[in-house]
Amino acid sequence: MSFDAAAVRDQFPILSEIIDGRPVHYLDNGASAQVPRAVLDAVRKYETTGRANVLRGVHRLAERATDAYENARAEVAAFLGVPAMEIVFTGGCTAAINLVAYAYGALLKPGDRILISELEHHSNIVPWQLLRDRAGIELDMVPVTTDGRIDLEKLPRLMTPRTRLISLAHVSNVTGAMVDVAAVVAAAKSVGAKVMLDGAQRAPHGPVDLPTLGVDFYVFAGHKAYGPNGVGVLWARPELLEAMPPFMGGGSMIGRVTLAETTWAPPPRRFEAGTPPIGPAIGLGAACAWMRTLDWTGAHAHEMTMVQQLMDGLQEIDGARIFGPAGLQNRYPVVSFLLDGVHPHDVAQTLDSFGVAVRAGHHCAQPLMDRFDLDGTTRVSMAPYNDRSDIDALLTGVRHAARTLR
Amino acid sequence: MSDQLYQERIVALAKARTGAGKLTAPTGSARRDNPLCGDRVTIDVKVDGQGRIAEIAHQVRGCLLCQASASALAAAAVGRDAAGVAMLRQDAERAVGRQEGEAAEPFAAFAPVRAHKSRQECVLLPFEALKDALP
């Protein structure tokens, strides 16, 4: 039986909204995905029947809240195939990367090296530059191929005995290209380095089998994975979590505090100072549980059919070209394109007048734009609830922009 | 399907590319970036002894609105000093709804941007660069 995108779509209330007289063709999932009823229900249940702070209270609402929060941790863990106590809830994906840059960074010595790539999101560049400037770490860059993939052929010669960490996008937020994780892990092992993947664009496309991937850190954002804003996830190997000092100090992350000194709680609490984003975490747990109910083989095939439809349609528009992999192999449904003579923002604005939501600009990947001397791209990012009609509406809008704006 | 933002006058201003390019010996030059969208404007000016703009040129790596604004600014700024340029900015801000009052030409053309708050900075970025380029 083929994948039923309409049945998925029906679970997302916002997608049946009529906005300014038009249906919503939401193709900006890479920025923020929409939220299914299961997530809305879970958050509403917490806010209306179990709202309290977690871990501290002895009253019933506090116990309900704590149970729901810890169940959410277990759901996220199941989604990643790891034990619950290896999951740290953060304020977002950016916060998770900053946590690693700070806390794992605290274990590094001046002259140690960290390897990232030219296509990283700013959130996987700037925290390392801050660490470099703070702690004397050296940063190395893996170049990008002309079709928008991390050039892993260049990886072996970039590895040094001082390389401590390789931190890469699992899937590019600009080109949709998926990195060959096995090759990265092999290169890292050759010098004893750790591997972190930024899974922000991968997690929204189904469960991630971390034990098989063999990486050391994994991060993703709640709001891109059908969950609420304000929550993200860090997973790290338990021995790394155990070795890392806290990122932030405050309540919950302590063992014992005296005015003279403080001992730390064990992970994951050590990294969850203060009141955590309880409602958003519960919502994200529901999102991970929801994602585990989908047929991802069917969903991926459906997404790739839409990518092919988009590629075929763009090919027929004069001056339109894909920036990124031309094929469907080792990619996810994030597709950037250029329209000669029309700025990406003007393409996106025109698409908005057709009821189509996309993102345009540098996508927080300015070094990648500089590398290819681009002002930006127009990015179409899909989810399983999208269908042919969304791509049709988009292509109609692109044809209109091509006709009227150049 | 109506494209209310991209009305003919705005598209015509952008396509006119008035002042597009560089000056060979500018007295002032400045570049401004919009960090949110990545638009980038570089403005060169040659100013006379009275502080008035004798020549102006712009390089825009940005959207049609930014190009149209730079083009309109280049057409309107010659002969004006910093105070005169500030008056033009006032027109642009009036056109996009940031200030009360009626906008004069050529910036009145930008009235459709009023309904698109996220694009108003695109119109104002060339003014930011020109302000920095003036003595």
# chains A, B, ... in the order shown; residues from 1 in each chain; ligands from 1

$ select_by_dssp --residues "segment 54-250 of chain A" --states "alpha helix (DSSP H)" --output "JSON, numbers by chain"
{"A": [60, 61, 62, 63, 64, 65, 66, 67, 68, 69, 70, 71, 72, 73, 74, 75, 76, 77, 78, 79, 80, 93, 94, 95, 96, 97, 98, 99, 100, 101, 102, 103, 126, 127, 128, 129, 130, 131, 132, 133, 134, 135, 155, 156, 157, 158, 181, 182, 183, 184, 185, 186, 187, 188, 189, 190, 191, 210, 211, 212, 213, 238, 239, 240, 241, 242, 243]}

$ interface_residues --of "chain A" --to "chain B" --cutoff "10 Å" --atoms "only C-alpha atoms" --output "PyMOL selection string"
chain A and resi 341-347+349-354+360-364+366+369+374-376+397+400-401+404-406

$ select_by_dssp --residues "segment 37-103 of chain B" --states "strand (DSSP E or B)" --output "PyMOL selection string"
chain B and resi 40-47+53-61

$ write_last_selection --atoms "C-alpha atoms" --output "mmCIF file, in the first residue's frame"
data_model
loop_
_atom_site.group_PDB
_atom_site.id
_atom_site.type_symbol
_atom_site.label_atom_id
_atom_site.label_comp_id
_atom_site.auth_asym_id
_atom_site.auth_seq_id
_atom_site.Cartn_x
_atom_site.Cartn_y
_atom_site.Cartn_z
ATOM 1 C CA ARG B 40 24.603 43.936 0.927
ATOM 2 C CA VAL B 41 24.867 47.477 -0.396
ATOM 3 C CA THR B 42 28.063 49.406 -1.170
ATOM 4 C CA ILE B 43 27.711 53.101 -1.923
ATOM 5 C CA ASP B 44 30.423 55.363 -3.358
ATOM 6 C CA VAL B 45 30.006 59.133 -3.294
ATOM 7 C CA LYS B 46 31.932 62.124 -4.548
ATOM 8 C CA VAL B 47 31.098 65.161 -2.446
ATOM 9 C CA ILE B 53 26.766 64.865 -3.479
ATOM 10 C CA ALA B 54 28.265 65.405 -6.940
ATOM 11 C CA GLU B 55 28.286 61.738 -7.971
ATOM 12 C CA ILE B 56 26.921 58.556 -6.459
ATOM 13 C CA ALA B 57 27.190 54.896 -7.404
ATOM 14 C CA HIS B 58 25.967 51.699 -5.783
ATOM 15 C CA GLN B 59 26.608 47.995 -5.881
ATOM 16 C CA VAL B 60 23.731 45.934 -4.583
ATOM 17 C CA ARG B 61 23.815 42.251 -3.798
#

$ residues_around --residues "Gly279 of chain A" --least-positions-apart "6" --cutoff "9 Å" --atoms "only C-alpha atoms" --output "PyMOL selection string"
chain A and resi 42-44+46-47+51+65+69+228

$ write_last_selection --atoms "all heavy atoms" --output "PDB file, in the first residue's frame"
ATOM      1  N   ALA A  42      -0.648  16.477  23.978  1.00  0.00           N
ATOM      2  CA  ALA A  42       0.268  16.178  25.086  1.00  0.00           C
ATOM      3  C   ALA A  42       0.619  17.450  25.857  1.00  0.00           C
ATOM      4  O   ALA A  42       0.661  17.450  27.095  1.00  0.00           O
ATOM      5  CB  ALA A  42       1.539  15.516  24.550  1.00  0.00           C
ATOM      6  N   VAL A  43       0.868  18.537  25.117  1.00  0.00           N
ATOM      7  CA  VAL A  43       1.223  19.795  25.782  1.00  0.00           C
ATOM      8  C   VAL A  43       0.020  20.331  26.554  1.00  0.00           C
ATOM      9  O   VAL A  43       0.133  20.781  27.704  1.00  0.00           O
ATOM     10  CB  VAL A  43       1.720  20.835  24.754  1.00  0.00           C
ATOM     11  CG1 VAL A  43       1.956  22.184  25.423  1.00  0.00           C
ATOM     12  CG2 VAL A  43       3.000  20.345  24.081  1.00  0.00           C
ATOM     13  N   ARG A  44      -1.153  20.227  25.924  1.00  0.00           N
ATOM     14  CA  ARG A  44      -2.380  20.703  26.585  1.00  0.00           C
ATOM     15  C   ARG A  44      -2.656  19.893  27.861  1.00  0.00           C
ATOM     16  O   ARG A  44      -3.035  20.449  28.889  1.00  0.00           O
ATOM     17  CB  ARG A  44      -3.547  20.605  25.609  1.00  0.00           C
ATOM     18  CG  ARG A  44      -4.820  21.213  26.132  1.00  0.00           C
ATOM     19  CD  ARG A  44      -5.953  21.108  25.120  1.00  0.00           C
ATOM     20  NE  ARG A  44      -7.190  21.504  25.745  1.00  0.00           N
ATOM     21  CZ  ARG A  44      -7.587  22.763  25.890  1.00  0.00           C
ATOM     22  NH1 ARG A  44      -6.827  23.737  25.420  1.00  0.00           N
ATOM     23  NH2 ARG A  44      -8.705  23.062  26.497  1.00  0.00           N
ATOM     24  N   TYR A  46      -0.491  18.419  29.771  1.00  0.00           N
ATOM     25  CA  TYR A  46       0.435  18.862  30.820  1.00  0.00           C
ATOM     26  C   TYR A  46      -0.018  20.204  31.399  1.00  0.00           C
ATOM     27  O   TYR A  46      -0.106  20.372  32.619  1.00  0.00           O
ATOM     28  CB  TYR A  46       1.862  18.975  30.263  1.00  0.00           C
ATOM     29  CG  TYR A  46       2.768  19.817  31.141  1.00  0.00           C
ATOM     30  CD1 TYR A  46       3.175  19.354  32.391  1.00  0.00           C
ATOM     31  CD2 TYR A  46       3.190  21.083  30.744  1.00  0.00           C
ATOM     32  CE1 TYR A  46       3.975  20.135  33.216  1.00  0.00           C
ATOM     33  CE2 TYR A  46       3.987  21.867  31.552  1.00  0.00           C
ATOM     34  CZ  TYR A  46       4.375  21.393  32.801  1.00  0.00           C
ATOM     35  OH  TYR A  46       5.153  22.163  33.611  1.00  0.00           O
ATOM     36  N   GLU A  47      -0.348  21.146  30.506  1.00  0.00           N
ATOM     37  CA  GLU A  47      -0.656  22.496  30.977  1.00  0.00           C
ATOM     38  C   GLU A  47      -1.979  22.540  31.749  1.00  0.00           C
ATOM     39  O   GLU A  47      -2.164  23.398  32.606  1.00  0.00           O
ATOM     40  CB  GLU A  47      -0.712  23.483  29.798  1.00  0.00           C
ATOM     41  CG  GLU A  47       0.609  23.621  29.019  1.00  0.00           C
ATOM     42  CD  GLU A  47       1.717  24.316  29.797  1.00  0.00           C
ATOM     43  OE1 GLU A  47       1.502  24.727  30.950  1.00  0.00           O
ATOM     44  OE2 GLU A  47       2.835  24.434  29.230  1.00  0.00           O
ATOM     45  N   ARG A  51       0.394  20.576  35.282  1.00  0.00           N
ATOM     46  CA  ARG A  51       1.412  21.624  35.265  1.00  0.00           C
ATOM     47  C   ARG A  51       1.981  21.857  36.662  1.00  0.00           C
ATOM     48  O   ARG A  51       1.248  22.184  37.611  1.00  0.00           O
ATOM     49  CB  ARG A  51       0.832  22.936  34.737  1.00  0.00           C
ATOM     50  CG  ARG A  51       1.875  24.054  34.654  1.00  0.00           C
ATOM     51  CD  ARG A  51       1.245  25.338  34.159  1.00  0.00           C
ATOM     52  NE  ARG A  51       2.083  26.472  34.434  1.00  0.00           N
ATOM     53  CZ  ARG A  51       3.009  26.939  33.594  1.00  0.00           C
ATOM     54  NH1 ARG A  51       3.194  26.360  32.423  1.00  0.00           N
ATOM     55  NH2 ARG A  51       3.736  27.983  33.916  1.00  0.00           N
ATOM     56  N   ALA A  65       3.939  15.894  36.637  1.00  0.00           N
ATOM     57  CA  ALA A  65       4.824  16.643  35.727  1.00  0.00           C
ATOM     58  C   ALA A  65       6.151  15.909  35.562  1.00  0.00           C
ATOM     59  O   ALA A  65       6.667  15.764  34.448  1.00  0.00           O
ATOM     60  CB  ALA A  65       5.054  18.052  36.273  1.00  0.00           C
ATOM     61  N   TYR A  69       7.645  14.386  32.139  1.00  0.00           N
ATOM     62  CA  TYR A  69       8.941  14.874  31.653  1.00  0.00           C
ATOM     63  C   TYR A  69       9.910  13.704  31.434  1.00  0.00           C
ATOM     64  O   TYR A  69      10.576  13.612  30.405  1.00  0.00           O
ATOM     65  CB  TYR A  69       9.503  15.865  32.682  1.00  0.00           C
ATOM     66  CG  TYR A  69      10.823  16.497  32.322  1.00  0.00           C
ATOM     67  CD1 TYR A  69      10.922  17.370  31.238  1.00  0.00           C
ATOM     68  CD2 TYR A  69      11.971  16.253  33.079  1.00  0.00           C
ATOM     69  CE1 TYR A  69      12.133  17.981  30.913  1.00  0.00           C
ATOM     70  CE2 TYR A  69      13.179  16.854  32.761  1.00  0.00           C
ATOM     71  CZ  TYR A  69      13.258  17.718  31.681  1.00  0.00           C
ATOM     72  OH  TYR A  69      14.450  18.305  31.365  1.00  0.00           O
ATOM     73  N   PRO A 228       7.346  21.291  19.930  1.00  0.00           N
ATOM     74  CA  PRO A 228       7.252  22.719  20.255  1.00  0.00           C
ATOM     75  C   PRO A 228       8.591  23.438  20.131  1.00  0.00           C
ATOM     76  O   PRO A 228       9.647  22.816  20.021  1.00  0.00           O
ATOM     77  CB  PRO A 228       6.808  22.713  21.727  1.00  0.00           C
ATOM     78  CG  PRO A 228       6.325  21.339  22.001  1.00  0.00           C
ATOM     79  CD  PRO A 228       7.101  20.441  21.093  1.00  0.00           C
TER      80      PRO A 228
END

$ residues_around --residues "Val39 of chain A" --least-positions-apart "6" --cutoff "12 Å" --atoms "only C-alpha atoms" --output "short mmCIF file (atom, residue, chain, number, x, y, z; two decimals) with N, CA and C atoms, in the first residue's frame"
data_model
loop_
_atom_site.label_atom_id
_atom_site.label_comp_id
_atom_site.auth_asym_id
_atom_site.auth_seq_id
_atom_site.Cartn_x
_atom_site.Cartn_y
_atom_site.Cartn_z
N GLN A 11 -3.67 15.12 10.38
CA GLN A 11 -3.30 15.20 11.80
C GLN A 11 -2.71 16.55 12.19
N PHE A 12 -2.54 17.45 11.20
CA PHE A 12 -1.92 18.75 11.45
C PHE A 12 -2.96 19.85 11.24
N PRO A 13 -3.55 20.34 12.34
CA PRO A 13 -4.66 21.29 12.20
C PRO A 13 -4.33 22.50 11.32
N LYS A 45 -2.43 18.60 27.76
CA LYS A 45 -2.66 17.74 28.93
C LYS A 45 -1.75 18.16 30.08
N TYR A 46 -0.49 18.42 29.77
CA TYR A 46 0.43 18.86 30.82
C TYR A 46 -0.02 20.20 31.40
N ALA A 72 8.94 11.68 28.50
CA ALA A 72 9.37 12.34 27.26
C ALA A 72 10.83 12.00 26.97
N GLY A 222 13.67 20.51 18.66
CA GLY A 222 12.29 20.07 18.79
C GLY A 222 11.38 20.64 17.71
N HIS A 223 11.52 21.93 17.44
CA HIS A 223 10.52 22.58 16.58
C HIS A 223 10.66 22.19 15.11
N ALA A 225 11.24 19.06 14.37
CA ALA A 225 10.85 17.65 14.40
C ALA A 225 9.42 17.51 14.93
N TYR A 226 8.54 18.43 14.52
CA TYR A 226 7.10 18.38 14.82
C TYR A 226 6.80 18.60 16.29
N GLY A 227 7.78 19.12 17.02
CA GLY A 227 7.58 19.41 18.44
C GLY A 227 7.48 20.91 18.66
N PRO A 228 7.35 21.29 19.93
CA PRO A 228 7.25 22.72 20.26
C PRO A 228 8.59 23.44 20.13
N ASN A 229 8.52 24.76 20.17
CA ASN A 229 9.71 25.59 20.28
C ASN A 229 10.30 25.49 21.67
N GLY A 279 7.02 21.73 29.40
CA GLY A 279 5.96 21.53 28.40
C GLY A 279 6.53 21.21 27.02
N PRO A 280 7.49 22.01 26.54
CA PRO A 280 8.10 21.71 25.23
C PRO A 280 8.74 20.32 25.18
N ALA A 281 9.37 19.89 26.28
CA ALA A 281 10.00 18.56 26.28
C ALA A 281 8.92 17.47 26.19
N ILE A 282 7.83 17.68 26.91
CA ILE A 282 6.73 16.70 26.84
C ILE A 282 6.17 16.66 25.42
N GLY A 283 6.05 17.84 24.81
CA GLY A 283 5.59 17.89 23.42
C GLY A 283 6.55 17.18 22.48
N LEU A 284 7.84 17.37 22.71
CA LEU A 284 8.83 16.71 21.85
C LEU A 284 8.79 15.20 22.04
N GLY A 285 8.58 14.76 23.28
CA GLY A 285 8.43 13.32 23.52
C GLY A 285 7.26 12.76 22.71
N ALA A 286 6.16 13.52 22.69
CA ALA A 286 4.98 13.09 21.92
C ALA A 286 5.31 13.10 20.42
N ALA A 287 6.10 14.09 19.99
CA ALA A 287 6.47 14.16 18.57
C ALA A 287 7.32 12.94 18.18
N CYS A 288 8.25 12.57 19.06
CA CYS A 288 9.10 11.40 18.77
C CYS A 288 8.25 10.12 18.75
N ALA A 289 7.31 10.03 19.68
CA ALA A 289 6.42 8.86 19.70
C ALA A 289 5.59 8.84 18.42
N TRP A 290 5.10 10.01 18.02
CA TRP A 290 4.29 10.12 16.79
C TRP A 290 5.13 9.70 15.58
N MET A 291 6.36 10.20 15.52
CA MET A 291 7.20 9.86 14.36
C MET A 291 7.45 8.36 14.28
#

$ residues_around --residues "Ile150 of chain A" --least-positions-apart "2" --cutoff "12 Å" --atoms "only C-alpha atoms" --output "JSON, numbers by chain"
{"A": [115, 116, 117, 118, 119, 120, 141, 142, 143, 144, 145, 146, 147, 148, 152, 153, 154, 155, 167, 168, 169, 170, 171, 172, 174, 175, 176, 177, 178, 179, 180, 181, 183, 184, 324, 325, 330, 368]}

$ write_last_selection --atoms "C-alpha atoms" --output "JSON list (two decimals), in the first residue's frame"
[["chain", "number", "residue", "atom", "x", "y", "z"],
["A", 115, "LEU", "CA", 37.09, 19.84, 12.25],
["A", 116, "ILE", "CA", 33.88, 21.24, 10.77],
["A", 117, "SER", "CA", 32.81, 21.77, 7.16],
["A", 118, "GLU", "CA", 32.15, 24.69, 4.86],
["A", 119, "LEU", "CA", 28.44, 23.89, 4.68],
["A", 120, "GLU", "CA", 27.66, 24.05, 8.37],
["A", 141, "MET", "CA", 37.37, 23.00, 7.51],
["A", 142, "VAL", "CA", 36.33, 20.18, 5.21],
["A", 143, "PRO", "CA", 35.58, 21.68, 1.78],
["A", 144, "VAL", "CA", 32.34, 21.17, -0.09],
["A", 145, "THR", "CA", 31.95, 19.62, -3.55],
["A", 146, "THR", "CA", 30.32, 21.58, -6.37],
["A", 147, "ASP", "CA", 27.10, 19.62, -5.83],
["A", 148, "GLY", "CA", 26.87, 20.72, -2.22],
["A", 152, "LEU", "CA", 34.95, 13.39, 2.30],
["A", 153, "GLU", "CA", 37.79, 12.60, -0.11],
["A", 154, "LYS", "CA", 39.57, 15.52, 1.54],
["A", 155, "LEU", "CA", 38.89, 14.20, 5.03],
["A", 167, "SER", "CA", 31.34, 18.14, 14.04],
["A", 168, "LEU", "CA", 29.21, 18.00, 10.90],
["A", 169, "ALA", "CA", 25.66, 18.39, 9.70],
["A", 170, "HIS", "CA", 24.05, 14.97, 9.35],
["A", 171, "VAL", "CA", 21.96, 16.52, 6.56],
["A", 172, "SER", "CA", 22.73, 19.94, 5.07],
["A", 174, "VAL", "CA", 20.88, 24.13, 2.40],
["A", 175, "THR", "CA", 21.46, 21.28, -0.05],
["A", 176, "GLY", "CA", 19.74, 18.36, 1.65],
["A", 177, "ALA", "CA", 22.86, 16.21, 1.20],
["A", 178, "MET", "CA", 23.40, 13.52, 3.83],
["A", 179, "VAL", "CA", 26.95, 12.97, 4.98],
["A", 180, "ASP", "CA", 28.47, 9.49, 4.79],
["A", 181, "VAL", "CA", 28.60, 8.91, 8.55],
["A", 183, "ALA", "CA", 33.37, 7.39, 6.44],
["A", 184, "VAL", "CA", 33.46, 10.20, 8.99],
["A", 324, "GLY", "CA", 22.87, 20.72, -4.35],
["A", 325, "PRO", "CA", 22.87, 17.06, -5.33],
["A", 330, "ASN", "CA", 21.88, 10.03, 0.06],
["A", 368, "LEU", "CA", 28.72, 28.18, 2.03]]

$ atom_distance --atom1 "atom CA of Ala75 of chain B" --atom2 "atom CA of Phe110 of chain B"
15.0 Å

$ closest_residue --among "B:Leu134, B:Ala111, B:Leu124, B:Ala70" --to "Arg52 of chain B" --atoms "only C-alpha atoms"
B:Leu134

$ closest_residue --among "B:Pro126, B:Pro135, B:Gly49, B:Gly21" --to "Cys66 of chain B" --atoms "only C-alpha atoms"
B:Pro126

$ atom_distance --atom1 "atom CA of Ser389 of chain A" --atom2 "atom CA of Val35 of chain A"
20.1 Å

$ residues_around --residues "Ser16 of chain A" --least-positions-apart "5" --cutoff "12 Å" --atoms "only C-alpha atoms" --output "VMD selection string"
chain A and resid 6 8 to 11 21 to 26 34 36 385

$ residues_around --residues "segment 204-207 of chain A" --least-positions-apart "5" --cutoff "7 Å" --atoms "only C-alpha atoms" --output "number ranges by chain"
A: 79-80, 224-225, 291-292, 296
